[in-house]
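J.: Before I ask anything, here is the structure I am working with.
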Amino acid sequence: MTAYRKVQAIKNLEVASVCNLACPYCPARLQGEHRDTGLMSEKTFEQSLHWLARFVKAGTQQELNLFGVGEPLLHPKIVEMAARTRLVMPRYLTLRMNTNGLLVTEEIVRDLYAAGIDTIDITDHESEATMKAIRIFRKVTGQYEPRRHQPTRWGYSRDGIINPNNWGGLIDWVPEVDHPRYVCPWIANGQVMVMSTGDVTRCCQDAFGRGILGTVHDDLEQLDHTPYIQCLTCHEEIPPGIPKPNTGKAAIR
Ligand code: SF4
Ligand code: SF4
């Protein structure tokens, strides 16, 4: 018998699967052709918190990112969602969020930190918006550089522009420099992403919904975290001892 991990942690909660940018190196602009997209509903969010509480209690939950394939600040209830997530996540677990910076204001940054977000990462896709966001983060946090202090209150990355990956083969992109290959933490640790629809998928590379294991209304603790077809073209590696998926139709789910 193969020792797959059972699902035992939520790594990403995709509060929004729509975006206010359409970066050429990102599948977000195409994902509406492959799955339902939009904003996470109250029902899905509530049920996600149920599982989060279970995984915290079991001691298997690690950090959580209120982010998937999309821009989380598009969700009008993002601050309330952060606060409710913090109530379930003890302070020793990092609660984070990524943003492209377009909708960053001083007010929302203050509100998100007050709600219990530990760290917010700006990903640079649009330089004017990024610079404005950085100025706001500096002012609100007093942290001048993105990673000078620990714990970091805000971070910055340009990887999407200068070092993009191919999203498990979803994007027709041949990187100039090979990405370092790491053992996939999603499979190794039984981590999943809850999509905006409530579908539960194997990782945040799954923009098109090819790796869905079930929904938040299923018994997640009974689901094996198996590799799926996209793992075969991913820049991360299936952990040793875990068989590769076959490429037949059955491997897609
Ligand atoms: S890379 Fe980020 S900002 Fe750009 S389209 Fe994708 S989700 Fe949106
Ligand atoms: S190896 Fe598979 S599960 Fe892991 S990140 Fe890549 S596509 Fe996702």
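For the structure tokens, the naming scheme is as follows: chains receive sequential letters (A, B, ...) according to their order of presentation, residues are indexed from 1 within each chain, and ligands are indexed from 1 in presentation order.
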Residues within 7 Å of ligand 2, counting only C-alpha atoms and all ligand atoms: report them as a PyMOL selection string.
T.: chain A and resi 168+184-187+202-206+227-228+230-231+234-238
J.: Filtering to C-alpha atoms, could you give me those residues as a PDB file, in the first residue's frame?
T.:
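Result file is again-v9.pdb:
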ATOM      1  CA  GLY A 168       2.671  22.947 -13.792  1.00  0.00           C
ATOM      2  CA  CYS A 184       6.475  19.200  -3.401  1.00  0.00           C
ATOM      3  CA  PRO A 185       5.342  20.325   0.066  1.00  0.00           C
ATOM      4  CA  TRP A 186       1.684  19.969  -0.884  1.00  0.00           C
ATOM      5  CA  ILE A 187       1.926  16.229  -1.417  1.00  0.00           C
ATOM      6  CA  ARG A 202      -4.125  19.658  -4.446  1.00  0.00           C
ATOM      7  CA  CYS A 203      -2.124  22.873  -4.807  1.00  0.00           C
ATOM      8  CA  CYS A 204      -2.138  26.516  -5.841  1.00  0.00           C
ATOM      9  CA  GLN A 205      -0.676  25.640  -9.257  1.00  0.00           C
ATOM     10  CA  ASP A 206      -4.069  24.201 -10.161  1.00  0.00           C
ATOM     11  CA  PRO A 227      -0.265  13.400  -7.267  1.00  0.00           C
ATOM     12  CA  TYR A 228      -2.244  14.376 -10.359  1.00  0.00           C
ATOM     13  CA  GLN A 230      -0.180  18.339 -13.652  1.00  0.00           C
ATOM     14  CA  CYS A 231       2.572  17.064 -11.335  1.00  0.00           C
ATOM     15  CA  CYS A 234       5.560  20.847 -12.609  1.00  0.00           C
ATOM     16  CA  HIS A 235       8.768  22.500 -11.434  1.00  0.00           C
ATOM     17  CA  GLU A 236       8.337  20.737  -8.073  1.00  0.00           C
ATOM     18  CA  GLU A 237       8.970  17.047  -7.598  1.00  0.00           C
ATOM     19  CA  ILE A 238       6.715  14.288  -6.376  1.00  0.00           C
TER      20      ILE A 238
END
J.: Please find the residues contacting ligand 1 at a distance of at most 12 Å between atoms, with only C-alpha atoms and all ligand atoms counted, and report them as a ChimeraX atom specification.
T.: /A:14,16-31,67-74,98-103,121-127,129-130,157-167,171,204-205,207
J.: Apply DSSP to the backbone of this structure and, from stretch 8-81 of chain A, keep only the residues in helix (DSSP H, G or I); write these as a VMD selection string.
T.: chain A and resid 27 to 29 31 to 33 42 to 58 72 to 74 78 to 81
J.: Give me, please, the distance in Å between atom CA of A:Arg147 and atom CA of A:Ile120, quoted to one decimal.
T.: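 Computed distance, atom CA of A:Arg147 to atom CA of A:Ile120, equals 11.3 Å.
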J.: Would you please work out which residue, of A:Glu42, A:Asp111, A:Asp118, A:Glu33, is nearest to A:Gly198 when using only C-alpha atoms?
T.: A:Glu42
J.: Skipping near chain neighbours, those fewer than 6 positions away, what residues fall within 10 Å of A:Thr141 using only C-alpha atoms, listed as a CSV table (one decimal) with all heavy atoms, in the first residue's frame?
T.:
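File result.csv, as written:
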chain,number,residue,atom,x,y,z
A,109,VAL,N,-4.7,48.5,4.8
A,109,VAL,CA,-3.5,47.9,5.3
A,109,VAL,C,-3.6,47.9,6.9
A,109,VAL,O,-3.4,46.9,7.6
A,109,VAL,CB,-2.2,48.6,4.8
A,109,VAL,CG1,-1.0,48.1,5.6
A,109,VAL,CG2,-2.0,48.3,3.4
A,110,ARG,N,-4.0,49.1,7.4
A,110,ARG,CA,-4.2,49.2,8.9
A,110,ARG,C,-5.2,48.2,9.3
A,110,ARG,O,-5.0,47.5,10.4
A,110,ARG,CB,-4.6,50.6,9.3
A,110,ARG,CG,-3.5,51.6,9.1
A,110,ARG,CD,-3.9,53.0,9.8
A,110,ARG,NE,-2.9,54.0,9.4
A,110,ARG,CZ,-1.7,54.2,9.9
A,110,ARG,NH1,-1.3,53.3,10.8
A,110,ARG,NH2,-0.9,55.1,9.4
A,113,TYR,N,-3.9,44.5,9.3
A,113,TYR,CA,-3.0,44.2,10.5
A,113,TYR,C,-3.8,44.1,11.8
A,113,TYR,O,-3.6,43.2,12.6
A,113,TYR,CB,-1.9,45.2,10.6
A,113,TYR,CG,-0.8,45.0,9.5
A,113,TYR,CD1,-0.4,46.1,8.8
A,113,TYR,CD2,-0.2,43.8,9.3
A,113,TYR,CE1,0.6,46.0,7.8
A,113,TYR,CE2,0.7,43.6,8.3
A,113,TYR,CZ,1.1,44.7,7.6
A,113,TYR,OH,2.1,44.6,6.6
A,152,THR,N,8.6,39.5,9.6
A,152,THR,CA,8.4,40.5,8.6
A,152,THR,C,6.9,40.9,8.5
A,152,THR,O,6.0,40.0,8.5
A,152,THR,CB,8.8,39.8,7.2
A,152,THR,OG1,10.2,39.6,7.3
A,152,THR,CG2,8.5,40.7,6.0
A,153,ARG,N,6.7,42.2,8.4
A,153,ARG,CA,5.3,42.6,8.3
A,153,ARG,C,4.8,42.7,6.8
A,153,ARG,O,3.7,42.6,6.5
A,153,ARG,CB,5.1,44.0,8.9
A,153,ARG,CG,5.3,44.0,10.4
A,153,ARG,CD,4.3,43.2,11.1
A,153,ARG,NE,3.1,43.9,11.5
A,153,ARG,CZ,2.0,43.4,11.8
A,153,ARG,NH1,1.8,42.1,11.7
A,153,ARG,NH2,1.0,44.1,12.2
A,154,TRP,N,5.8,43.0,5.9
A,154,TRP,CA,5.4,43.0,4.5
A,154,TRP,C,6.6,42.5,3.7
A,154,TRP,O,7.8,42.6,4.1
A,154,TRP,CB,5.0,44.3,4.0
A,154,TRP,CG,5.9,45.4,4.1
A,154,TRP,CD1,6.2,46.2,5.2
A,154,TRP,CD2,6.8,46.0,3.1
A,154,TRP,NE1,7.2,47.1,4.9
A,154,TRP,CE2,7.5,47.0,3.6
A,154,TRP,CE3,7.0,45.6,1.7
A,154,TRP,CZ2,8.5,47.7,2.9
A,154,TRP,CZ3,7.9,46.4,1.0
A,154,TRP,CH2,8.6,47.4,1.6
J.: Tell me, which residues of stretch 18-240 of chain A carry DSSP strand (DSSP E), written as a PyMOL selection string?
T.: chain A and resi 64-65+95-99+119-123+154-157+191-194+199-201+212-215+224-225
J.: List as an NGL selection string the protein and nucleic acid residues near stretch 213-219 of chain A, meaning an atom at most 12 Å away when only C-alpha atoms are counted, but skip any in the same chain fewer than 5 places from it.
T.: :A and (6-8 or 10 or 13 or 43-52 or 54 or 190-203 or 206 or 224-228 or 251-253)
J.: Take the residues just selected and output them with N, CA and C atoms as a short mmCIF file (atom, residue, chain, number, x, y, z; two decimals), in the first residue's frame.
T.:
data_model
loop_
_atom_site.label_atom_id
_atom_site.label_comp_id
_atom_site.auth_asym_id
_atom_site.auth_seq_id
_atom_site.Cartn_x
_atom_site.Cartn_y
_atom_site.Cartn_z
N LYS A 6 -2.97 11.80 4.14
CA LYS A 6 -4.35 12.29 4.12
C LYS A 6 -4.29 13.82 4.09
N VAL A 7 -5.34 14.43 3.60
CA VAL A 7 -5.41 15.89 3.67
C VAL A 7 -5.38 16.30 5.14
N GLN A 8 -4.47 17.20 5.48
CA GLN A 8 -4.33 17.55 6.90
C GLN A 8 -4.03 19.03 7.15
N ILE A 10 -4.85 23.26 5.35
CA ILE A 10 -5.19 24.18 4.25
C ILE A 10 -4.05 25.18 4.14
N LEU A 13 -6.35 29.73 1.06
CA LEU A 13 -7.79 29.93 1.00
C LEU A 13 -8.01 30.99 -0.08
N LYS A 43 -20.89 30.75 2.86
CA LYS A 43 -21.04 29.33 3.20
C LYS A 43 -19.72 28.57 3.03
N THR A 44 -19.05 28.83 1.92
CA THR A 44 -17.76 28.16 1.68
C THR A 44 -16.72 28.59 2.71
N PHE A 45 -16.72 29.88 3.01
CA PHE A 45 -15.74 30.39 3.97
C PHE A 45 -15.98 29.76 5.35
N GLU A 46 -17.22 29.74 5.75
CA GLU A 46 -17.58 29.18 7.07
C GLU A 46 -17.15 27.71 7.16
N GLN A 47 -17.40 26.96 6.11
CA GLN A 47 -17.03 25.54 6.12
C GLN A 47 -15.51 25.36 6.07
N SER A 48 -14.84 26.28 5.42
CA SER A 48 -13.38 26.24 5.40
C SER A 48 -12.83 26.46 6.81
N LEU A 49 -13.44 27.38 7.54
CA LEU A 49 -12.99 27.63 8.92
C LEU A 49 -13.21 26.39 9.79
N HIS A 50 -14.28 25.67 9.50
CA HIS A 50 -14.52 24.42 10.24
C HIS A 50 -13.33 23.48 10.08
N TRP A 51 -12.85 23.32 8.85
CA TRP A 51 -11.72 22.42 8.61
C TRP A 51 -10.43 22.99 9.17
N LEU A 52 -10.29 24.28 9.05
CA LEU A 52 -9.10 24.91 9.61
C LEU A 52 -9.00 24.63 11.11
N ARG A 54 -10.27 22.17 12.71
CA ARG A 54 -9.94 20.74 12.91
C ARG A 54 -8.45 20.51 12.76
N GLY A 190 0.38 16.95 2.84
CA GLY A 190 -1.09 16.83 2.79
C GLY A 190 -1.79 18.18 2.83
N GLN A 191 -1.17 19.18 2.19
CA GLN A 191 -1.75 20.53 2.19
C GLN A 191 -2.62 20.73 0.95
N VAL A 192 -3.67 21.51 1.09
CA VAL A 192 -4.54 21.76 -0.06
C VAL A 192 -4.86 23.25 -0.18
N MET A 193 -5.40 23.59 -1.33
CA MET A 193 -5.97 24.93 -1.51
C MET A 193 -7.49 24.79 -1.59
N VAL A 194 -8.20 25.62 -0.83
CA VAL A 194 -9.65 25.70 -1.00
C VAL A 194 -9.91 26.78 -2.03
N MET A 195 -10.54 26.37 -3.12
CA MET A 195 -10.83 27.32 -4.20
C MET A 195 -12.02 28.20 -3.83
N SER A 196 -12.19 29.28 -4.57
CA SER A 196 -13.27 30.21 -4.26
C SER A 196 -14.64 29.54 -4.31
N THR A 197 -14.76 28.48 -5.09
CA THR A 197 -16.04 27.77 -5.21
C THR A 197 -16.30 26.80 -4.07
N GLY A 198 -15.24 26.51 -3.27
CA GLY A 198 -15.37 25.48 -2.24
C GLY A 198 -14.79 24.15 -2.68
N ASP A 199 -14.39 24.06 -3.94
CA ASP A 199 -13.65 22.86 -4.36
C ASP A 199 -12.30 22.85 -3.66
N VAL A 200 -11.86 21.65 -3.35
CA VAL A 200 -10.58 21.50 -2.65
C VAL A 200 -9.60 20.85 -3.62
N THR A 201 -8.53 21.56 -3.90
CA THR A 201 -7.59 21.05 -4.88
C THR A 201 -6.21 20.85 -4.27
N ARG A 202 -5.39 20.13 -5.02
CA ARG A 202 -4.12 19.66 -4.45
C ARG A 202 -3.08 20.74 -4.24
N CYS A 203 -3.16 21.84 -4.99
CA CYS A 203 -2.12 22.87 -4.81
C CYS A 203 -2.55 24.15 -5.52
N ASP A 206 -2.95 24.79 -9.43
CA ASP A 206 -4.07 24.20 -10.16
C ASP A 206 -5.10 25.25 -10.57
N ASP A 224 -7.07 11.03 0.39
CA ASP A 224 -5.64 10.87 0.13
C ASP A 224 -5.15 12.02 -0.75
N HIS A 225 -4.01 12.59 -0.38
CA HIS A 225 -3.41 13.63 -1.22
C HIS A 225 -2.49 12.94 -2.23
N THR A 226 -3.05 12.60 -3.37
CA THR A 226 -2.30 11.89 -4.41
C THR A 226 -1.78 12.88 -5.45
N PRO A 227 -0.69 12.56 -6.13
CA PRO A 227 -0.26 13.40 -7.27
C PRO A 227 -1.32 13.35 -8.38
N TYR A 228 -1.32 14.36 -9.22
CA TYR A 228 -2.24 14.38 -10.36
C TYR A 228 -1.49 14.72 -11.63
N ALA A 251 -6.75 9.80 -13.94
CA ALA A 251 -5.74 10.52 -13.14
C ALA A 251 -6.10 11.99 -12.95
N ILE A 252 -7.02 12.49 -13.73
CA ILE A 252 -7.30 13.92 -13.68
C ILE A 252 -7.98 14.29 -12.39
N ARG A 253 -8.76 13.43 -11.80
CA ARG A 253 -9.39 13.75 -10.51
C ARG A 253 -8.87 12.83 -9.43
#
J.: Counting only C-alpha atoms, what is within 12 Å of A:Pro90, bar same-chain residues fewer than 5 positions away, as a ChimeraX atom specification?
T.: /A:52-53,55-57,59,61-64,83-85,95,116-118
J.: Which of these residues is nearest to A:Ala82, using only C-alpha atoms: A:Ala115, A:Gly142, A:Glu128, A:Gly211?
T.: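 Smallest separation from A:Ala82 among the options: A:Ala115.
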J.: Using only C-alpha atoms, which of A:Pro239, A:Ala3, A:Ile212, A:Val104 sits nearest A:Tyr182?
T.: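 For A:Tyr182, the nearest of the given residues is A:Pro239.
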J.: Quick one: pull the distance between atom CA of A:Gln143 and atom CA of A:Asn65, Å, one decimal.
T.: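 Straight-line distance from atom CA of A:Gln143 to atom CA of A:Asn65 works out to 20.9 Å.
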J.: Please determine, counting only C-alpha atoms, which residue among A:Tyr156, A:Phe137, A:Phe208, A:Tyr144 has the shortest atom-to-atom distance to A:Leu112.
T.: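 Closest candidate: A:Phe137.
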